[in-house]
>>> print(open('entry12.cif').read())   # mmCIF, C-alpha atoms
data_entry
loop_
_atom_site.label_atom_id
_atom_site.label_comp_id
_atom_site.auth_asym_id
_atom_site.auth_seq_id
_atom_site.Cartn_x
_atom_site.Cartn_y
_atom_site.Cartn_z
CA MET A 1 -81.16 -140.34 -66.19
CA ALA A 2 -81.02 -142.39 -63.07
CA ARG A 3 -78.58 -141.55 -60.36
CA VAL A 4 -75.57 -143.83 -60.14
CA LEU A 5 -72.77 -144.41 -57.63
CA ILE A 6 -69.63 -146.16 -58.80
CA ASN A 7 -66.63 -146.85 -56.60
CA PHE A 8 -63.26 -148.47 -57.25
CA PRO A 9 -59.69 -147.67 -56.18
CA GLN A 10 -58.55 -144.51 -57.99
CA ARG A 11 -55.02 -145.88 -58.33
CA ALA A 12 -54.07 -149.51 -58.74
CA LYS A 13 -50.88 -151.44 -59.44
CA ARG A 14 -50.73 -153.58 -62.56
CA GLY A 15 -51.96 -157.07 -61.71
CA ASP A 16 -53.92 -155.98 -58.63
CA ILE A 17 -57.36 -157.44 -58.14
CA ILE A 18 -59.66 -154.45 -57.71
CA GLU A 19 -63.20 -154.43 -56.40
CA ILE A 20 -65.72 -152.37 -58.36
CA LYS A 21 -68.98 -151.42 -56.66
CA THR A 22 -71.98 -149.97 -58.44
CA LEU A 23 -75.35 -148.73 -57.25
CA ILE A 24 -78.06 -147.46 -59.56
CA GLN A 25 -81.43 -145.96 -58.83
CA HIS A 26 -84.16 -148.06 -60.38
CA PRO A 27 -87.62 -149.15 -59.17
CA MET A 28 -87.17 -152.76 -60.41
CA GLU A 29 -90.93 -153.01 -60.93
CA THR A 30 -91.68 -156.73 -60.98
CA GLY A 31 -94.72 -156.71 -63.26
CA TYR A 32 -96.67 -158.70 -60.66
CA ARG A 33 -98.11 -155.72 -58.80
CA LEU A 34 -101.38 -153.90 -59.34
CA ASP A 35 -101.95 -150.17 -59.05
CA ASN A 36 -104.73 -148.70 -56.88
CA LYS A 37 -107.25 -149.17 -59.70
CA GLY A 38 -106.42 -152.85 -60.08
CA ALA A 39 -104.55 -152.52 -63.36
CA ALA A 40 -101.29 -154.41 -63.70
CA ILE A 41 -98.18 -152.26 -63.41
CA PRO A 42 -96.01 -153.25 -66.38
CA ARG A 43 -92.70 -154.88 -65.66
CA ASP A 44 -89.75 -152.51 -65.68
CA ILE A 45 -86.55 -154.03 -64.42
CA ILE A 46 -82.93 -153.67 -65.32
CA ASN A 47 -82.44 -156.93 -67.18
CA CYS A 48 -78.76 -156.74 -67.97
CA PHE A 49 -75.68 -155.06 -66.56
CA THR A 50 -72.30 -155.12 -68.26
CA CYS A 51 -68.89 -153.63 -67.59
CA THR A 52 -66.23 -153.31 -70.23
CA TYR A 53 -62.59 -152.48 -69.53
CA ASN A 54 -60.93 -150.82 -72.51
CA GLY A 55 -63.55 -152.37 -74.75
CA GLU A 56 -63.25 -155.87 -73.34
CA GLU A 57 -66.19 -157.21 -71.37
CA VAL A 58 -65.06 -158.11 -67.85
CA PHE A 59 -68.40 -158.58 -66.16
CA ARG A 60 -71.99 -159.28 -67.16
CA ALA A 61 -75.04 -159.97 -65.03
CA GLU A 62 -78.58 -160.87 -65.96
CA LEU A 63 -81.19 -159.56 -63.55
CA PHE A 64 -84.64 -160.95 -62.81
CA PRO A 65 -87.83 -159.67 -61.15
CA ALA A 66 -86.96 -160.83 -57.62
CA ILE A 67 -84.08 -158.38 -57.39
CA SER A 68 -84.81 -155.42 -55.13
CA ALA A 69 -85.03 -151.77 -56.16
CA ASN A 70 -81.81 -149.78 -56.59
CA PRO A 71 -79.65 -152.82 -57.37
CA PHE A 72 -76.14 -152.87 -55.92
CA ILE A 73 -73.66 -154.91 -57.95
CA ALA A 74 -70.08 -155.49 -56.82
CA PHE A 75 -67.51 -157.51 -58.71
CA SER A 76 -63.77 -157.68 -59.16
CA THR A 77 -61.39 -157.58 -62.05
CA VAL A 78 -57.64 -157.47 -62.58
CA ALA A 79 -56.15 -154.03 -63.20
CA THR A 80 -54.23 -154.51 -66.44
CA GLN A 81 -53.71 -151.01 -67.80
CA SER A 82 -54.96 -147.45 -67.47
CA GLY A 83 -58.06 -146.73 -69.45
CA GLU A 84 -61.78 -146.64 -69.49
CA LEU A 85 -64.37 -148.59 -67.58
CA VAL A 86 -67.79 -148.44 -69.23
CA PHE A 87 -70.81 -149.50 -67.20
CA SER A 88 -74.10 -150.13 -68.88
CA TRP A 89 -77.50 -150.98 -67.43
CA SER A 90 -80.26 -151.90 -69.86
CA ALA A 91 -83.85 -151.95 -68.68
CA ASP A 92 -87.20 -153.16 -70.00
CA ARG A 93 -88.80 -149.75 -70.43
CA SER A 94 -86.43 -147.02 -69.39
CA GLN A 95 -83.46 -145.98 -71.46
CA THR A 96 -80.18 -147.85 -71.27
CA GLN A 97 -77.86 -145.99 -68.95
CA THR A 98 -74.15 -145.84 -69.66
CA GLU A 99 -71.48 -144.40 -67.39
CA THR A 100 -67.79 -144.07 -68.16
CA ARG A 101 -65.00 -143.82 -65.59
CA GLN A 102 -61.23 -143.56 -65.91
CA ILE A 103 -58.90 -145.93 -64.11
CA ASN A 104 -55.21 -145.27 -63.48
CA VAL A 105 -52.92 -148.28 -63.37
CA GLU A 106 -49.26 -147.86 -62.50
CA MET B 1 -81.69 -166.75 -38.38
CA ASN B 2 -79.27 -168.40 -35.93
CA GLY B 3 -76.41 -166.68 -37.70
CA LEU B 4 -78.02 -163.37 -36.88
CA LEU B 5 -78.86 -164.19 -33.27
CA GLY B 6 -75.29 -164.88 -32.18
CA PRO B 7 -73.91 -161.37 -32.71
CA LEU B 8 -77.19 -159.86 -31.52
CA LEU B 9 -76.98 -161.70 -28.22
CA ALA B 10 -73.35 -160.67 -27.88
CA LEU B 11 -74.44 -157.10 -28.52
CA ALA B 12 -77.21 -157.38 -25.95
CA GLY B 13 -74.61 -158.55 -23.45
CA ALA B 14 -72.34 -155.63 -24.22
CA ALA B 15 -75.27 -153.26 -23.95
CA ALA B 16 -76.23 -154.70 -20.57
CA LEU B 17 -72.76 -153.86 -19.23
CA ALA B 18 -73.10 -150.28 -20.37
CA ALA B 19 -76.68 -150.13 -19.11
CA ALA B 20 -75.76 -148.33 -15.91
CA ALA B 21 -74.48 -145.36 -17.90
CA ASP B 22 -76.83 -145.28 -20.86
CA ASP B 23 -78.91 -148.13 -22.17
CA ARG B 24 -80.09 -146.28 -25.21
CA ARG B 25 -79.36 -148.00 -28.48
CA SER B 26 -80.04 -146.71 -31.95
CA GLY B 27 -81.60 -148.72 -34.74
CA TYR B 28 -78.08 -149.19 -36.08
CA ASP B 29 -77.17 -151.27 -33.01
CA PHE B 30 -80.19 -153.48 -33.58
CA ALA B 31 -79.55 -153.96 -37.29
CA SER B 32 -77.83 -157.06 -38.66
CA PRO B 33 -74.10 -156.86 -39.50
CA GLU B 34 -75.03 -156.99 -43.20
CA ILE B 35 -77.31 -153.98 -42.92
CA ARG B 36 -74.74 -152.08 -40.87
CA ALA B 37 -72.10 -152.79 -43.51
CA MET B 38 -74.51 -151.53 -46.17
CA GLN B 39 -75.08 -148.28 -44.25
CA ASP B 40 -71.38 -147.70 -43.61
CA ASP B 41 -70.28 -148.16 -47.22
CA ASP B 42 -71.07 -144.98 -49.13
CA THR B 43 -71.43 -146.85 -52.43
CA ALA B 44 -73.64 -149.57 -51.00
CA ASN B 45 -75.90 -147.23 -49.00
CA PRO B 46 -78.82 -146.46 -51.33
CA GLY B 47 -79.66 -143.36 -49.26
CA ASN B 48 -76.69 -141.74 -50.91
CA LEU B 49 -78.57 -141.71 -54.23
CA TRP B 50 -80.91 -139.16 -52.63
CA VAL B 51 -77.99 -137.30 -51.03
CA LEU B 52 -76.50 -137.01 -54.50
CA GLN B 53 -79.74 -135.61 -55.88
CA GLY B 54 -80.02 -133.25 -52.93
CA GLU B 55 -76.57 -131.91 -53.69
CA THR B 56 -77.73 -131.06 -57.21
CA LEU B 57 -80.92 -129.43 -55.94
CA TRP B 58 -78.94 -127.40 -53.39
CA ASP B 59 -77.31 -125.49 -56.24
CA LYS B 60 -80.39 -125.29 -58.43
CA ARG B 61 -82.20 -121.95 -58.65
CA ALA B 62 -85.93 -122.07 -58.01
CA GLY B 63 -88.99 -119.89 -57.61
CA ALA B 64 -89.78 -116.26 -58.38
CA ALA B 65 -86.71 -115.13 -56.44
CA ASP B 66 -84.54 -117.26 -58.73
CA ARG B 67 -82.27 -118.24 -55.88
CA SER B 68 -80.75 -121.55 -54.93
CA CYS B 69 -80.19 -122.86 -51.41
CA ALA B 70 -76.48 -122.26 -51.98
CA ASP B 71 -77.02 -118.57 -52.79
CA CYS B 72 -77.92 -117.93 -49.15
CA HIS B 73 -76.42 -120.88 -47.28
CA GLY B 74 -73.24 -121.38 -49.28
CA ASP B 75 -71.45 -124.67 -48.91
CA ALA B 76 -73.79 -127.06 -47.11
CA ARG B 77 -70.84 -129.02 -45.73
CA VAL B 78 -70.10 -126.00 -43.56
CA SER B 79 -73.42 -124.21 -43.16
CA MET B 80 -75.60 -127.29 -42.61
CA LYS B 81 -73.22 -129.10 -40.27
CA GLY B 82 -75.19 -130.15 -37.20
CA VAL B 83 -78.39 -128.48 -38.36
CA ALA B 84 -80.45 -131.66 -38.74
CA ALA B 85 -79.40 -132.68 -35.23
CA ARG B 86 -81.18 -129.59 -33.85
CA TYR B 87 -84.58 -130.12 -35.51
CA PRO B 88 -87.52 -129.83 -34.83
CA ALA B 89 -86.72 -126.25 -33.80
CA PHE B 90 -88.94 -123.46 -32.53
CA ASP B 91 -90.12 -120.91 -35.06
CA ALA B 92 -90.84 -117.63 -33.32
CA ALA B 93 -93.11 -116.23 -36.04
CA LEU B 94 -95.33 -119.31 -36.11
CA ALA B 95 -95.00 -119.89 -32.34
CA ARG B 96 -94.56 -123.62 -32.86
CA PRO B 97 -91.76 -126.03 -33.71
CA LEU B 98 -91.00 -126.95 -37.30
CA ASP B 99 -89.27 -130.12 -38.39
CA LEU B 100 -86.51 -130.17 -40.99
CA GLU B 101 -88.84 -130.87 -43.93
CA GLN B 102 -91.13 -128.00 -42.90
CA ARG B 103 -88.15 -125.70 -42.47
CA ILE B 104 -86.91 -126.51 -45.97
CA ASN B 105 -90.35 -125.80 -47.38
CA GLN B 106 -90.60 -122.58 -45.38
CA CYS B 107 -87.33 -121.49 -46.95
CA ARG B 108 -88.71 -122.38 -50.36
CA THR B 109 -91.93 -120.41 -49.99
CA GLU B 110 -90.51 -117.38 -48.14
CA HIS B 111 -87.07 -116.92 -49.62
CA GLN B 112 -87.18 -118.66 -52.99
CA ARG B 113 -90.86 -117.80 -53.46
CA ALA B 114 -91.35 -121.26 -54.95
CA GLU B 115 -94.02 -123.90 -54.50
CA PRO B 116 -93.42 -126.02 -51.40
CA LEU B 117 -92.24 -129.56 -52.13
CA ALA B 118 -94.79 -132.29 -51.47
CA TRP B 119 -94.28 -134.50 -48.41
CA GLU B 120 -92.32 -137.66 -49.24
CA SER B 121 -91.63 -136.37 -52.74
CA GLU B 122 -88.28 -137.42 -54.14
CA ASP B 123 -87.07 -133.81 -54.13
CA LEU B 124 -87.99 -133.06 -50.52
CA LEU B 125 -86.45 -136.34 -49.38
CA ALA B 126 -83.34 -135.55 -51.41
CA VAL B 127 -82.80 -132.07 -49.93
CA THR B 128 -83.56 -133.36 -46.43
CA ALA B 129 -81.17 -136.28 -46.88
CA PHE B 130 -78.44 -133.97 -48.16
CA VAL B 131 -78.87 -131.62 -45.18
CA ALA B 132 -79.12 -134.49 -42.69
CA ARG B 133 -75.99 -136.10 -44.13
CA GLN B 134 -73.98 -133.08 -42.98
CA SER B 135 -74.79 -133.99 -39.35
CA ARG B 136 -73.50 -137.54 -39.56
CA GLY B 137 -71.67 -138.50 -36.37
CA LEU B 138 -72.77 -135.36 -34.52
CA PRO B 139 -74.85 -135.68 -31.35
CA ILE B 140 -78.56 -134.88 -31.35
CA THR B 141 -78.96 -131.53 -29.60
CA VAL B 142 -82.51 -130.24 -29.85
CA SER B 143 -82.98 -126.89 -28.17
CA SER B 144 -84.00 -126.95 -24.51
CA SER B 145 -85.59 -123.51 -24.72
CA PRO B 146 -88.67 -122.94 -22.53
CA GLU B 147 -90.85 -122.21 -25.59
CA LEU B 148 -90.52 -125.85 -26.63
CA ARG B 149 -91.58 -127.28 -23.29
CA PRO B 150 -95.34 -127.47 -23.93
CA PHE B 151 -94.71 -129.16 -27.29
CA LEU B 152 -92.29 -131.58 -25.71
CA ALA B 153 -94.87 -132.40 -23.05
CA SER B 154 -97.57 -133.05 -25.63
CA GLY B 155 -95.15 -135.20 -27.64
CA ARG B 156 -94.42 -137.26 -24.56
CA GLU B 157 -98.12 -137.58 -23.86
CA LEU B 158 -98.69 -138.87 -27.40
CA PHE B 159 -95.83 -141.33 -26.97
CA GLU B 160 -97.37 -142.74 -23.82
CA GLN B 161 -100.98 -142.66 -24.90
CA ARG B 162 -102.66 -145.90 -25.96
CA GLU B 163 -104.36 -145.71 -29.33
CA GLY B 164 -105.84 -147.70 -32.18
CA GLN B 165 -107.74 -150.96 -32.26
CA LEU B 166 -104.74 -152.72 -30.74
CA ASN B 167 -104.81 -150.14 -27.93
CA LEU B 168 -101.04 -149.78 -27.78
CA ALA B 169 -98.87 -146.81 -26.89
CA CYS B 170 -95.50 -146.18 -28.54
CA SER B 171 -93.90 -146.57 -25.11
CA GLN B 172 -95.28 -150.08 -24.60
CA CYS B 173 -93.10 -151.38 -27.42
CA HIS B 174 -90.22 -148.95 -27.54
CA ASP B 175 -89.71 -148.28 -23.80
CA ASP B 176 -91.01 -151.43 -22.15
CA ASN B 177 -90.34 -154.22 -24.64
CA TRP B 178 -87.42 -153.23 -26.84
CA GLY B 179 -85.07 -156.02 -27.73
CA LYS B 180 -87.95 -158.53 -27.86
CA ARG B 181 -89.64 -159.62 -31.05
CA LEU B 182 -92.87 -158.50 -32.62
CA ALA B 183 -93.64 -161.34 -35.00
CA GLY B 184 -90.26 -161.82 -36.69
CA ASN B 185 -89.00 -158.31 -36.09
CA LEU B 186 -86.76 -157.07 -33.35
CA ILE B 187 -88.34 -154.12 -31.52
CA PRO B 188 -85.91 -151.20 -31.47
CA GLN B 189 -85.99 -148.35 -28.98
CA GLY B 190 -87.26 -145.96 -31.62
CA HIS B 191 -84.52 -143.34 -31.63
CA PRO B 192 -84.75 -141.18 -34.76
CA THR B 193 -81.01 -140.90 -35.40
CA GLY B 194 -80.95 -141.72 -39.09
CA TYR B 195 -83.84 -139.97 -40.84
CA PRO B 196 -84.54 -139.70 -43.66
CA LEU B 197 -83.56 -143.34 -43.94
CA TYR B 198 -83.60 -146.14 -46.47
CA ARG B 199 -85.84 -148.95 -45.34
CA LEU B 200 -85.39 -152.23 -47.16
CA GLU B 201 -89.10 -152.88 -46.66
CA TRP B 202 -89.92 -149.61 -48.42
CA GLN B 203 -87.32 -150.11 -51.16
CA GLY B 204 -86.82 -146.40 -50.82
CA LEU B 205 -86.06 -143.42 -48.61
CA GLY B 206 -88.64 -142.18 -46.12
CA SER B 207 -89.05 -139.50 -43.49
CA LEU B 208 -89.58 -139.91 -39.76
CA GLN B 209 -93.19 -138.88 -40.28
CA ARG B 210 -93.68 -141.73 -42.74
CA ARG B 211 -92.26 -144.09 -40.14
CA LEU B 212 -94.58 -142.74 -37.45
CA ARG B 213 -97.59 -143.13 -39.73
CA ASN B 214 -96.39 -146.66 -40.47
CA CYS B 215 -96.36 -147.55 -36.75
CA MET B 216 -99.76 -145.93 -36.21
CA THR B 217 -101.30 -147.90 -39.05
CA GLY B 218 -99.67 -150.95 -37.46
CA VAL B 219 -101.61 -150.48 -34.23
CA ARG B 220 -104.74 -149.80 -36.33
CA ALA B 221 -104.90 -146.13 -35.36
CA GLU B 222 -105.65 -143.28 -37.70
CA PRO B 223 -102.27 -141.83 -38.63
CA PHE B 224 -101.51 -138.10 -38.35
CA ASP B 225 -101.50 -136.16 -41.57
CA TYR B 226 -98.05 -135.27 -42.87
CA GLY B 227 -96.94 -132.09 -41.15
CA ALA B 228 -99.64 -132.27 -38.44
CA PRO B 229 -98.63 -130.41 -35.24
CA GLN B 230 -99.00 -133.64 -33.22
CA ALA B 231 -96.58 -135.42 -35.55
CA VAL B 232 -94.01 -132.65 -35.08
CA ALA B 233 -94.53 -132.74 -31.29
CA LEU B 234 -93.91 -136.48 -31.34
CA GLU B 235 -90.80 -135.99 -33.48
CA LEU B 236 -89.60 -133.38 -30.99
CA TYR B 237 -90.11 -135.72 -28.04
CA LEU B 238 -88.29 -138.53 -29.86
CA MET B 239 -85.33 -136.27 -30.62
CA GLU B 240 -85.22 -135.10 -26.99
CA ARG B 241 -85.37 -138.73 -25.88
CA ALA B 242 -82.38 -139.44 -28.15
CA ARG B 243 -80.44 -136.34 -27.03
CA GLY B 244 -76.69 -136.89 -27.31
CA MET B 245 -76.94 -139.95 -29.57
CA PRO B 246 -74.96 -139.60 -32.81
CA MET B 247 -76.81 -138.93 -36.07
CA ASP B 248 -76.31 -141.53 -38.81
CA ALA B 249 -78.47 -140.22 -41.65
CA PRO B 250 -79.09 -141.50 -44.25
CA ALA B 251 -79.38 -144.75 -42.32
CA VAL B 252 -80.32 -148.18 -43.64
CA ARG B 253 -82.86 -150.23 -41.71
CA PRO B 254 -84.57 -153.57 -42.35
#
>>> encode(input="entry12.cif", output="C-alpha cells")
Amino acid sequence: MARVLINFPQRAKRGDIIEIKTLIQHPMETGYRLDNKGAAIPRDIINCFTCTYNGEEVFRAELFPAISANPFIAFSTVATQSGELVFSWSADRSQTQTETRQINVE
Amino acid sequence: MNGLLGPLLALAGAAALAAAADDRRSGYDFASPEIRAMQDDDTANPGNLWVLQGETLWDKRAGAADRSCADCHGDARVSMKGVAARYPAFDAALARPLDLEQRINQCRTEHQRAEPLAWESEDLLAVTAFVARQSRGLPITVSSSPELRPFLASGRELFEQREGQLNLACSQCHDDNWGKRLAGNLIPQGHPTGYPLYRLEWQGLGSLQRRLRNCMTGVRAEPFDYGAPQAVALELYLMERARGMPMDAPAVRP
C-alpha cells in the first residue's frame, strides 16, 4: 500500500466550500525510460483519481505520463452533510488504492 | 521566468540590507514562492510521505534484540527534538564523527542487532526524515568540541579544493558566486538546512551525501562513496558553516 496524505477541514458548516488536498506516493513511471540494461521500463502511472462524497462522485481526474511522481491533487467541494469521503487512485500495474475519511458538517 | 525574477530580486534587495549582520541564506530563500508554499504545506510536501513511513518504522521492532527505536528513545517528538541539528557528531569509540544516517545504522547494528539499512534506501531515508523533522525550526548547533577540529579543518579544505575535469571547488560557486546562475539554475549558498530533502529533479527524497555526490559528478570529479570519511567531514564543515540557521527538513528544492 502506498503512503497517502489527505487533508481537509475537520469541521465545516453546511454550504461551506472546502478544499481537499491529497498526496499519494507513486513513481508515475512514464513507460518511456530504459533500465540500465536497455530494456524498456513498463509504464506504471496512476491513470485515474476519483473522490466520492457519501457515494456521489464529486471529483474525477485522468492522469497522463507527464505528471510527476507522488502526484498532489487538490480540489474543492461543497460541504453538504456529515459522512464519508472515499478517495480512490487506480494505476496501470499496482493495485487500486482506496482511502476513506469522515467529514463532520454542522 | 520574469514572474519568478521579480520576487527574487526583491528578496536579494532585502538580503543585501541584512548583509551586514548575516548574509547567509538557505536554499529555502532561493526557492520560488511555489516551491516554498509546497514545503510549508504539510499535505503538499512530498517529504512528509517519508516522515510518515519513518514514524511507522520508529515503532517497529527489528533485529535479534527485537527492539524498536521507540523502546529506547520513547516519543521521538521529545527525544529527537534538535538531534538532527547537532549532526555529524563525534563518536568517541570510533574516534571520528558520524552523520545522522550512520548514527541510525550504528543504533541498528549495536542495539537492535539488525542489518544496517542501505544508503539512500527508502527505509533509511524515512527514519532520517522522521528524526530530522523533529528539529524543524531549531537552529543548527553542531558541537564545537576540540575533537572535531581536525575533521572540520579537512572538511573546509575539501570545500575549498579544486577538483574534477572542470577544476572547480565548492567554494567557487557557493561562496564566491551564489545568487548568480549556472545555466538556468540559481546558485544557492549550499547550506544543508533541510536534509533529507525532496528534490523535484530527483522526484524523490535524498540525503546530503547524495547531493554532494551530485555536485561532484557535476564538476566531473569522482564522487565520494556513501559514508566515506571525507563526505562526513564535508557535511560537518557545511553544518558548521550554517551554524545558527534554522532547520527546515524535510525541505523541498527545485
>>> residues_near_point(input="entry12.cif", point="(-78.1, -145.5, -44.1)", cutoff="12 Å", atoms="only C-alpha atoms", output="PyMOL selection string")
chain B and resi 27-28+31+34-51+129+132-133+136+193-200+204-206+247-254
>>> residues_around(input="entry12.cif", residues="Ala40 of chain A", least_positions_apart="4", cutoff="12 Å", atoms="only C-alpha atoms", output="PyMOL selection string")
chain A and resi 29-36+44
>>> write_last_selection(input="entry12.cif", atoms="C-alpha atoms", output="PDB file, in the coordinates of the input")
ATOM      1  CA  GLU A  29     -90.930-153.010 -60.930  1.00  0.00           C
ATOM      2  CA  THR A  30     -91.680-156.730 -60.980  1.00  0.00           C
ATOM      3  CA  GLY A  31     -94.720-156.710 -63.260  1.00  0.00           C
ATOM      4  CA  TYR A  32     -96.670-158.700 -60.660  1.00  0.00           C
ATOM      5  CA  ARG A  33     -98.110-155.720 -58.800  1.00  0.00           C
ATOM      6  CA  LEU A  34    -101.380-153.900 -59.340  1.00  0.00           C
ATOM      7  CA  ASP A  35    -101.950-150.170 -59.050  1.00  0.00           C
ATOM      8  CA  ASN A  36    -104.730-148.700 -56.880  1.00  0.00           C
ATOM      9  CA  ASP A  44     -89.750-152.510 -65.680  1.00  0.00           C
TER      10      ASP A  44
END
>>> interface_residues(input="entry12.cif", of="chain A", to="chain B", cutoff="8 Å", atoms="all atoms listed in the file", output="list in words")
Arg3, Val4, Leu5, Ile6, Asn7, Lys21, Thr22, Leu23, Ile24, Gln25, Ser68, Ala69, Asn70 and Phe72 of chain A
>>> residues_around(input="entry12.cif", residues="Leu186 of chain B", least_positions_apart="3", cutoff="10 Å", atoms="all atoms listed in the file", output="VMD selection string")
chain B and resid 27 30 to 31 177 to 183 189 254
>>> atom_distance(input="entry12.cif", atom1="atom CA of Glu56 of chain A", atom2="atom CA of Ser94 of chain A")
25.1 Å
>>> residues_around(input="entry12.cif", residues="Gln209 of chain B", least_positions_apart="5", cutoff="10 Å", atoms="only C-alpha atoms", output="VMD selection string")
chain B and resid 99 101 119 to 120 195 to 196 214 to 215 223 to 228 231 to 232 234 to 235
>>> resolve_selection(input="entry12.cif", expression="the PyMOL selection byres ((chain A and resi 9) around 12)", output="compact mmCIF listing (two decimals) with C-alpha atoms, in the coordinates of the input")
# COMPACT_ATOMS: atom_id res chain seq x y z
CA ILE A 6 -69.63 -146.16 -58.80
CA ASN A 7 -66.63 -146.85 -56.60
CA PHE A 8 -63.26 -148.47 -57.25
CA GLN A 10 -58.55 -144.51 -57.99
CA ARG A 11 -55.02 -145.88 -58.33
CA ALA A 12 -54.07 -149.51 -58.74
CA LYS A 13 -50.88 -151.44 -59.44
CA ASP A 16 -53.92 -155.98 -58.63
CA ILE A 17 -57.36 -157.44 -58.14
CA ILE A 18 -59.66 -154.45 -57.71
CA GLU A 19 -63.20 -154.43 -56.40
CA ILE A 20 -65.72 -152.37 -58.36
CA LYS A 21 -68.98 -151.42 -56.66
CA SER A 76 -63.77 -157.68 -59.16
CA THR A 77 -61.39 -157.58 -62.05
CA VAL A 78 -57.64 -157.47 -62.58
CA ALA A 79 -56.15 -154.03 -63.20
CA ARG A 101 -65.00 -143.82 -65.59
CA GLN A 102 -61.23 -143.56 -65.91
CA ILE A 103 -58.90 -145.93 -64.11
CA ASN A 104 -55.21 -145.27 -63.48
CA VAL A 105 -52.92 -148.28 -63.37
>>> residues_around(input="entry12.cif", residues="Ala92 of chain B", least_positions_apart="5", cutoff="12 Å", atoms="only C-alpha atoms", output="ChimeraX atom specification")
/B:97-98,145,147-148
>>> residues_near_point(input="entry12.cif", point="(-70.1, -159.0, -65.4)", cutoff="8 Å", atoms="all atoms listed in the file", output="MDAnalysis selection string")
chainID A and resid 49:51 57:61 75
>>> atom_distance(input="entry12.cif", atom1="atom CA of Asp23 of chain B", atom2="atom CA of Gln172 of chain B")
16.7 Å
>>> atom_distance(input="entry12.cif", atom1="atom CA of Arg86 of chain B", atom2="atom CA of Ser207 of chain B")
15.9 Å
>>> residues_around(input="entry12.cif", residues="Ile45 of chain A", least_positions_apart="3", cutoff="6 Å", atoms="all atoms listed in the file", output="PyMOL selection string")
chain A and resi 28-29+91-92
>>> resolve_selection(input="entry12.cif", expression="the PyMOL selection byres ((chain B and resi 140) around 8)", output="ChimeraX atom specification")
/B:85-86,138-139,141-142,193,239-240,242-247
>>> closest_residue(input="entry12.cif", among="B:Asp75, B:Glu163, B:Asp22, B:Glu157", to="Val131 of chain B", atoms="all atoms listed in the file")
B:Asp75
